[in-house]
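Structure file my_file05.tsv (TSV, C-alpha atoms) is printed below.
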chain	number	residue	atom	x	y	z
S	3	MET	CA	-34.90	25.14	58.50
S	4	LEU	CA	-38.12	25.14	56.48
S	5	PRO	CA	-41.37	25.28	58.46
S	6	GLY	CA	-44.22	23.14	57.24
S	7	ARG	CA	-47.90	22.44	57.78
S	8	GLY	CA	-49.63	19.14	58.18
S	9	ARG	CA	-52.88	18.11	56.48
S	10	ASN	CA	-54.88	19.55	59.33
S	11	GLY	CA	-53.10	22.86	59.03
S	12	ARG	CA	-51.08	22.48	62.19
S	13	ALA	CA	-47.39	23.31	62.21
S	14	VAL	CA	-45.08	20.30	61.84
S	15	ARG	CA	-41.47	19.84	62.83
S	16	PRO	CA	-39.31	22.02	60.57
S	17	VAL	CA	-36.99	20.35	58.08
S	18	ARG	CA	-33.28	20.90	58.75
S	19	LEU	CA	-31.56	22.06	55.60
S	20	LEU	CA	-27.95	21.82	56.78
S	21	GLY	CA	-26.36	19.72	59.49
S	22	THR	CA	-23.60	17.26	60.21
S	23	ARG	CA	-23.51	13.52	60.49
S	24	THR	CA	-20.77	11.23	61.83
S	25	ALA	CA	-20.09	7.80	60.38
S	26	TRP	CA	-18.39	5.63	63.01
S	27	THR	CA	-15.91	2.84	62.33
S	28	THR	CA	-14.95	0.23	64.92
S	29	VAL	CA	-11.19	-0.03	65.43
S	30	GLY	CA	-11.06	-2.13	68.62
S	31	ASP	CA	-13.04	-3.61	71.47
S	32	GLY	CA	-12.66	-5.04	74.93
S	33	GLU	CA	-13.96	-4.72	78.47
S	34	PHE	CA	-13.88	-1.56	80.58
S	35	PHE	CA	-15.43	0.05	83.62
S	36	CYS	CA	-18.27	2.16	82.26
S	37	PRO	CA	-18.72	5.39	84.24
S	38	GLY	CA	-22.26	5.63	82.91
S	39	CYS	CA	-23.41	2.15	83.93
S	40	GLY	CA	-21.16	2.00	86.99
S	41	GLY	CA	-19.84	-1.48	86.24
S	42	ASP	CA	-17.78	-3.65	83.92
S	43	ARG	CA	-19.10	-3.62	80.35
S	44	ASN	CA	-17.96	-4.45	76.84
S	45	TYR	CA	-16.92	-1.53	74.66
S	46	GLN	CA	-16.08	-0.62	71.10
S	47	ARG	CA	-13.37	1.89	70.25
S	48	LEU	CA	-14.62	4.07	67.42
S	49	THR	CA	-13.23	6.64	65.02
S	50	GLY	CA	-15.54	8.83	62.97
S	51	ARG	CA	-15.73	10.83	59.77
S	52	ARG	CA	-17.96	13.88	59.81
S	53	ARG	CA	-19.86	15.18	56.79
S	54	PHE	CA	-22.06	18.17	56.15
S	55	THR	CA	-25.57	17.11	55.30
S	56	PHE	CA	-28.16	18.76	53.08
S	57	LEU	CA	-31.69	17.66	53.80
S	58	SER	CA	-30.14	14.83	55.90
S	59	VAL	CA	-28.08	13.58	52.94
S	60	PRO	CA	-24.27	13.55	53.51
S	61	VAL	CA	-22.59	15.71	50.89
S	62	VAL	CA	-19.27	17.31	51.97
S	63	PRO	CA	-16.54	15.73	54.17
S	64	ARG	CA	-15.80	17.76	57.29
S	65	GLY	CA	-12.90	15.80	58.76
S	66	GLU	CA	-12.32	13.10	61.32
S	67	THR	CA	-13.46	12.89	64.93
S	68	GLY	CA	-12.72	10.62	67.86
S	69	PRO	CA	-11.54	8.19	68.80
S	70	VAL	CA	-14.22	7.53	71.40
S	71	VAL	CA	-15.22	4.57	73.52
S	72	GLU	CA	-18.81	3.37	73.17
S	73	CYS	CA	-20.37	1.26	75.91
S	74	ALA	CA	-22.12	-1.79	74.49
S	75	ALA	CA	-24.82	-1.51	77.16
S	76	CYS	CA	-25.75	2.17	77.54
S	77	ARG	CA	-24.33	3.28	74.13
S	78	HIS	CA	-22.86	6.42	75.66
S	79	HIS	CA	-19.59	7.75	74.25
S	80	PHE	CA	-16.59	8.52	76.46
S	81	GLY	CA	-13.05	9.75	75.96
S	82	THR	CA	-10.42	7.06	75.61
S	83	ASP	CA	-9.00	7.99	79.03
S	84	VAL	CA	-11.76	5.87	80.60
S	85	LEU	CA	-9.73	2.83	79.51
S	86	ASP	CA	-7.06	3.86	82.04
S	87	HIS	CA	-9.44	2.92	84.85
S	88	PRO	CA	-9.22	-0.80	85.68
S	89	THR	CA	-12.28	-2.98	85.50
S	90	THR	CA	-13.81	-4.08	88.78
S	91	THR	CA	-12.30	-7.54	88.29
S	92	ARG	CA	-8.85	-6.14	87.52
S	93	PHE	CA	-9.02	-3.66	90.41
S	94	SER	CA	-9.87	-6.46	92.86
S	95	ALA	CA	-6.90	-8.50	91.63
S	96	MET	CA	-4.56	-5.49	91.90
S	97	LEU	CA	-5.71	-4.81	95.46
S	98	ARG	CA	-5.34	-8.44	96.47
S	99	ASP	CA	-1.84	-8.66	95.00
S	100	ALA	CA	-0.83	-5.39	96.66
S	101	VAL	CA	-1.83	-6.60	100.13
S	102	HIS	CA	-0.04	-9.90	99.55
S	103	THR	CA	3.15	-8.11	98.45
S	104	VAL	CA	3.07	-5.73	101.42
S	105	ALA	CA	2.57	-8.64	103.83
S	106	LEU	CA	5.53	-10.54	102.38
S	107	ALA	CA	7.72	-7.43	102.42
S	108	VAL	CA	6.99	-6.75	106.09
S	109	LEU	CA	7.58	-10.38	107.02
S	110	ALA	CA	10.83	-10.45	105.06
S	111	ALA	CA	12.02	-7.26	106.74
S	112	GLY	CA	11.33	-8.77	110.13
S	113	GLY	CA	13.79	-11.59	109.59
S	114	THR	CA	12.73	-14.85	111.24
S	115	CYS	CA	8.92	-14.87	111.14
S	116	SER	CA	7.19	-15.33	114.48
S	117	ARG	CA	3.98	-17.31	114.61
S	118	THR	CA	1.97	-14.26	115.64
S	119	SER	CA	3.21	-12.18	112.73
S	120	LEU	CA	2.54	-15.06	110.32
S	121	GLU	CA	-0.98	-15.50	111.69
S	122	THR	CA	-1.69	-11.77	111.35
S	123	ALA	CA	-0.27	-11.69	107.84
S	124	ALA	CA	-2.19	-14.77	106.71
S	125	ALA	CA	-5.46	-13.38	108.07
S	126	THR	CA	-4.81	-10.08	106.28
S	127	VAL	CA	-4.05	-11.78	102.98
S	128	ARG	CA	-7.10	-14.03	103.23
S	129	ALA	CA	-9.31	-11.00	103.89
S	130	ALA	CA	-7.89	-9.40	100.73
S	131	GLY	CA	-9.03	-12.33	98.57
S	132	PHE	CA	-6.45	-15.13	98.83
S	133	ASP	CA	-8.87	-17.43	100.63
S	134	ASP	CA	-6.48	-20.39	100.86
S	135	CYS	CA	-3.46	-18.51	102.21
S	136	THR	CA	-1.84	-20.18	105.22
S	137	GLU	CA	0.91	-19.26	107.65
S	138	ASP	CA	3.12	-22.05	106.31
S	139	GLN	CA	2.73	-20.81	102.74
S	140	LEU	CA	3.81	-17.31	103.71
S	141	ASP	CA	6.72	-18.64	105.73
S	142	ALA	CA	7.89	-20.69	102.74
S	143	LEU	CA	7.59	-17.68	100.43
S	144	VAL	CA	9.64	-15.50	102.78
S	145	ASP	CA	12.33	-18.21	102.91
S	146	ALA	CA	12.30	-18.42	99.11
S	147	LEU	CA	12.67	-14.66	98.81
S	148	ALA	CA	15.60	-14.65	101.21
S	149	ALA	CA	17.29	-17.44	99.21
S	150	ASP	CA	16.78	-15.69	95.88
S	151	THR	CA	20.20	-14.30	95.05
S	152	GLY	CA	18.67	-11.97	92.47
S	153	ARG	CA	17.02	-9.95	95.22
S	154	VAL	CA	18.43	-7.97	98.09
S	155	TYR	CA	16.70	-8.62	101.42
S	156	ASP	CA	19.65	-8.42	103.77
S	157	ARG	CA	19.32	-4.68	104.45
S	158	PRO	CA	16.36	-2.40	105.16
S	159	CYS	CA	14.14	-2.34	102.09
S	160	GLY	CA	16.82	-3.42	99.65
S	161	THR	CA	16.60	-2.63	95.98
S	162	GLY	CA	14.73	-5.80	95.02
S	163	LEU	CA	12.16	-5.38	97.76
S	164	ALA	CA	11.53	-1.72	96.91
S	165	ILE	CA	11.04	-2.62	93.24
S	166	GLU	CA	8.52	-5.33	94.16
S	167	LEU	CA	6.55	-2.88	96.30
S	168	HIS	CA	6.50	-0.16	93.67
S	169	GLU	CA	5.48	-2.62	90.94
S	170	ALA	CA	2.51	-3.74	93.04
S	171	LEU	CA	1.47	-0.36	94.45
S	172	ASP	CA	2.28	2.30	91.84
S	173	PRO	CA	-0.46	1.21	89.35
S	174	LEU	CA	-3.00	0.86	92.15
S	175	ALA	CA	-2.48	4.12	94.05
S	176	PRO	CA	-4.19	6.49	91.55
S	177	HIS	CA	-7.40	4.44	91.76
S	178	LEU	CA	-7.61	4.38	95.57
S	179	ALA	CA	-9.21	7.00	97.78
S	180	PRO	CA	-6.96	8.33	100.58
S	181	ALA	CA	-8.67	6.05	103.09
S	182	GLY	CA	-7.96	3.03	100.88
S	183	ARG	CA	-4.27	3.88	100.58
S	184	GLU	CA	-4.00	4.38	104.32
S	185	SER	CA	-5.75	1.06	104.94
S	186	ILE	CA	-3.07	-0.86	103.04
S	187	LEU	CA	-0.31	0.85	105.01
S	188	LEU	CA	-2.06	0.16	108.32
S	189	GLN	CA	-2.46	-3.51	107.44
S	190	GLY	CA	1.28	-3.74	106.92
S	191	ALA	CA	1.89	-1.88	110.17
S	192	ARG	CA	-0.27	-4.31	112.15
S	193	ILE	CA	1.67	-7.25	110.73
S	194	ALA	CA	4.93	-5.60	111.80
S	195	LEU	CA	3.58	-4.93	115.31
S	196	ALA	CA	2.19	-8.43	115.81
S	197	ASP	CA	5.44	-9.66	117.37
S	198	GLY	CA	6.57	-6.43	119.04
S	199	PRO	CA	7.63	-2.84	118.25
S	200	TYR	CA	8.74	-1.86	114.76
S	201	THR	CA	12.27	-2.79	113.84
S	202	PRO	CA	14.28	-0.29	111.75
S	203	ALA	CA	13.93	-2.60	108.73
S	204	GLU	CA	10.15	-2.80	109.15
S	205	ARG	CA	9.90	0.97	109.45
S	206	ASP	CA	11.92	1.34	106.26
S	207	VAL	CA	9.66	-1.08	104.40
S	208	LEU	CA	6.54	0.69	105.63
S	209	ALA	CA	7.99	4.05	104.59
S	210	THR	CA	8.52	2.60	101.10
S	211	VAL	CA	4.93	1.33	101.10
S	212	GLY	CA	3.71	4.80	102.05
S	213	ALA	CA	5.77	6.48	99.33
S	214	ALA	CA	4.50	4.04	96.68
S	215	LEU	CA	0.94	4.79	97.81
S	216	THR	CA	1.65	8.55	97.52
S	217	ILE	CA	1.17	9.09	101.27
S	218	CYS	CA	3.35	11.95	102.51
S	219	SER	CA	6.02	11.16	105.09
S	220	ASP	CA	4.25	13.09	107.86
S	221	ASP	CA	1.10	11.06	107.33
S	222	VAL	CA	3.11	7.83	107.26
S	223	THR	CA	4.59	8.75	110.65
S	224	ARG	CA	1.13	9.57	111.98
S	225	LEU	CA	-0.38	6.31	110.73
S	226	LEU	CA	2.45	4.16	112.07
S	227	ALA	CA	1.98	5.78	115.46
S	228	ALA	CA	-1.79	5.27	115.29
S	229	ALA	CA	-1.34	1.58	114.51
S	230	ARG	CA	0.46	1.16	117.85
S	231	THR	CA	-2.58	2.46	119.73
S	232	PRO	CA	-4.98	-0.31	120.78
S	233	SER	CA	-8.40	0.15	119.24

Show the structure stored in the file as structure tokens.
Amino acid sequence: MLPGRGRNGRAVRPVRLLGTRTAWTTVGDGEFFCPGCGGDRNYQRLTGRRRFTFLSVPVVPRGETGPVVECAACRHHFGTDVLDHPTTTRFSAMLRDAVHTVALAVLAAGGTCSRTSLETAAATVRAAGFDDCTEDQLDALVDALAADTGRVYDRPCGTGLAIELHEALDPLAPHLAPAGRESILLQGARIALADGPYTPAERDVLATVGAALTICSDDVTRLLAAARTPS
């Protein structure tokens, strides 16, 4: 750096002889959850080319950098792994669909749906975001699932049912705190208990739910026992 003096003789900011500069190129865009802003924002995916500079003038290529994700609001740069986190809107939809799938799985495992279990399931699903869900709709869906010859619902957590649960819960589990994962399991447990003690098929379904939510078997047992205790 070269020091300098202003007209009044005072020292001025030194001039940087050598440095680097990055020229960014946009290669994609979309919406993401910005960890800097704490909400859903638009982003640009950028790649860059670095150059040495002499007196702030780019002169010699230094290679590529990135890619990075730039928030359109705060302009901060993040690693591309931030795109693995769902947006708030997407996360809400995933959570709603997960609760709906768990409710249907528990009802299907219970065989003929009692009115109390249907009422509990419908209230749970409505609380998760399906505001118009009714007991009759759930009953019809369970009947349709049982009649679907491409799925196996005639034994405890058959292959088709387990696949449905894992498809709904596996992508969601990494983004939930332990309390959130336990909450989904407990909601399913309360649906199962609405018409009496757990049946073997219901226990099997709830064990599958726990496994998909990465809850260890000991904790699943503890939570299923806790759900039986009146609050």

Distance CA of Thr136 (chain S)-CA of Ala124 (chain S), one decimal place?
5.6 Å

For Leu85 (chain S), work out the shell of residues within 12 Å, counting all atoms listed in the file and skipping chain neighbours fewer than 2 positions away, then give it as an MDAnalysis selection string.
chainID S and resid 31:37 42:47 70:73 80:83 87:89

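Interatomic distance, CA of Val144 (chain S) against CA of Gly162 (chain S): 13.4 Å.
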
Tell me, as a count of residues only, which residues lie within 9 Å of Thr216 (chain S), counting only C-alpha atoms; anything in the same chain fewer than 4 positions away does not count.
6

Interatomic distance between CA of Leu174 (chain S) and CA of Arg92 (chain S)?
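These two atoms are separated by 10.2 Å.
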
Who sits within 7 Å of Leu48 (chain S), all atoms listed in the file, same chain under 2 positions skipped, as a PyMOL selection string:
chain S and resi 26-29+46+50+68-71

Which one of S:Thr90, S:His78, S:Glu121, S:Val127 sits closest to Gln189 (chain S) if you count only C-alpha atoms?
S:Val127

As JSON, numbers by chain, please: the residues near region 192-204 of chain S (cut-off 9 Å, all atoms listed in the file, same-chain neighbours under 6 positions excluded).
{"S": [105, 107, 108, 109, 110, 111, 112, 115, 116, 117, 118, 119, 120, 121, 122, 123, 126, 157, 158, 159, 226, 229, 230]}

Just-selected residues, C-alpha atoms written as a short mmCIF file (atom, residue, chain, number, x, y, z; two decimals), keeping the file's coordinate frame:
data_model
loop_
_atom_site.label_atom_id
_atom_site.label_comp_id
_atom_site.auth_asym_id
_atom_site.auth_seq_id
_atom_site.Cartn_x
_atom_site.Cartn_y
_atom_site.Cartn_z
CA ALA S 105 2.57 -8.64 103.83
CA ALA S 107 7.72 -7.43 102.42
CA VAL S 108 6.99 -6.75 106.09
CA LEU S 109 7.58 -10.38 107.02
CA ALA S 110 10.83 -10.45 105.06
CA ALA S 111 12.02 -7.26 106.74
CA GLY S 112 11.33 -8.77 110.13
CA CYS S 115 8.92 -14.87 111.14
CA SER S 116 7.19 -15.33 114.48
CA ARG S 117 3.98 -17.31 114.61
CA THR S 118 1.97 -14.26 115.64
CA SER S 119 3.21 -12.18 112.73
CA LEU S 120 2.54 -15.06 110.32
CA GLU S 121 -0.98 -15.50 111.69
CA THR S 122 -1.69 -11.77 111.35
CA ALA S 123 -0.27 -11.69 107.84
CA THR S 126 -4.81 -10.08 106.28
CA ARG S 157 19.32 -4.68 104.45
CA PRO S 158 16.36 -2.40 105.16
CA CYS S 159 14.14 -2.34 102.09
CA LEU S 226 2.45 4.16 112.07
CA ALA S 229 -1.34 1.58 114.51
CA ARG S 230 0.46 1.16 117.85
#
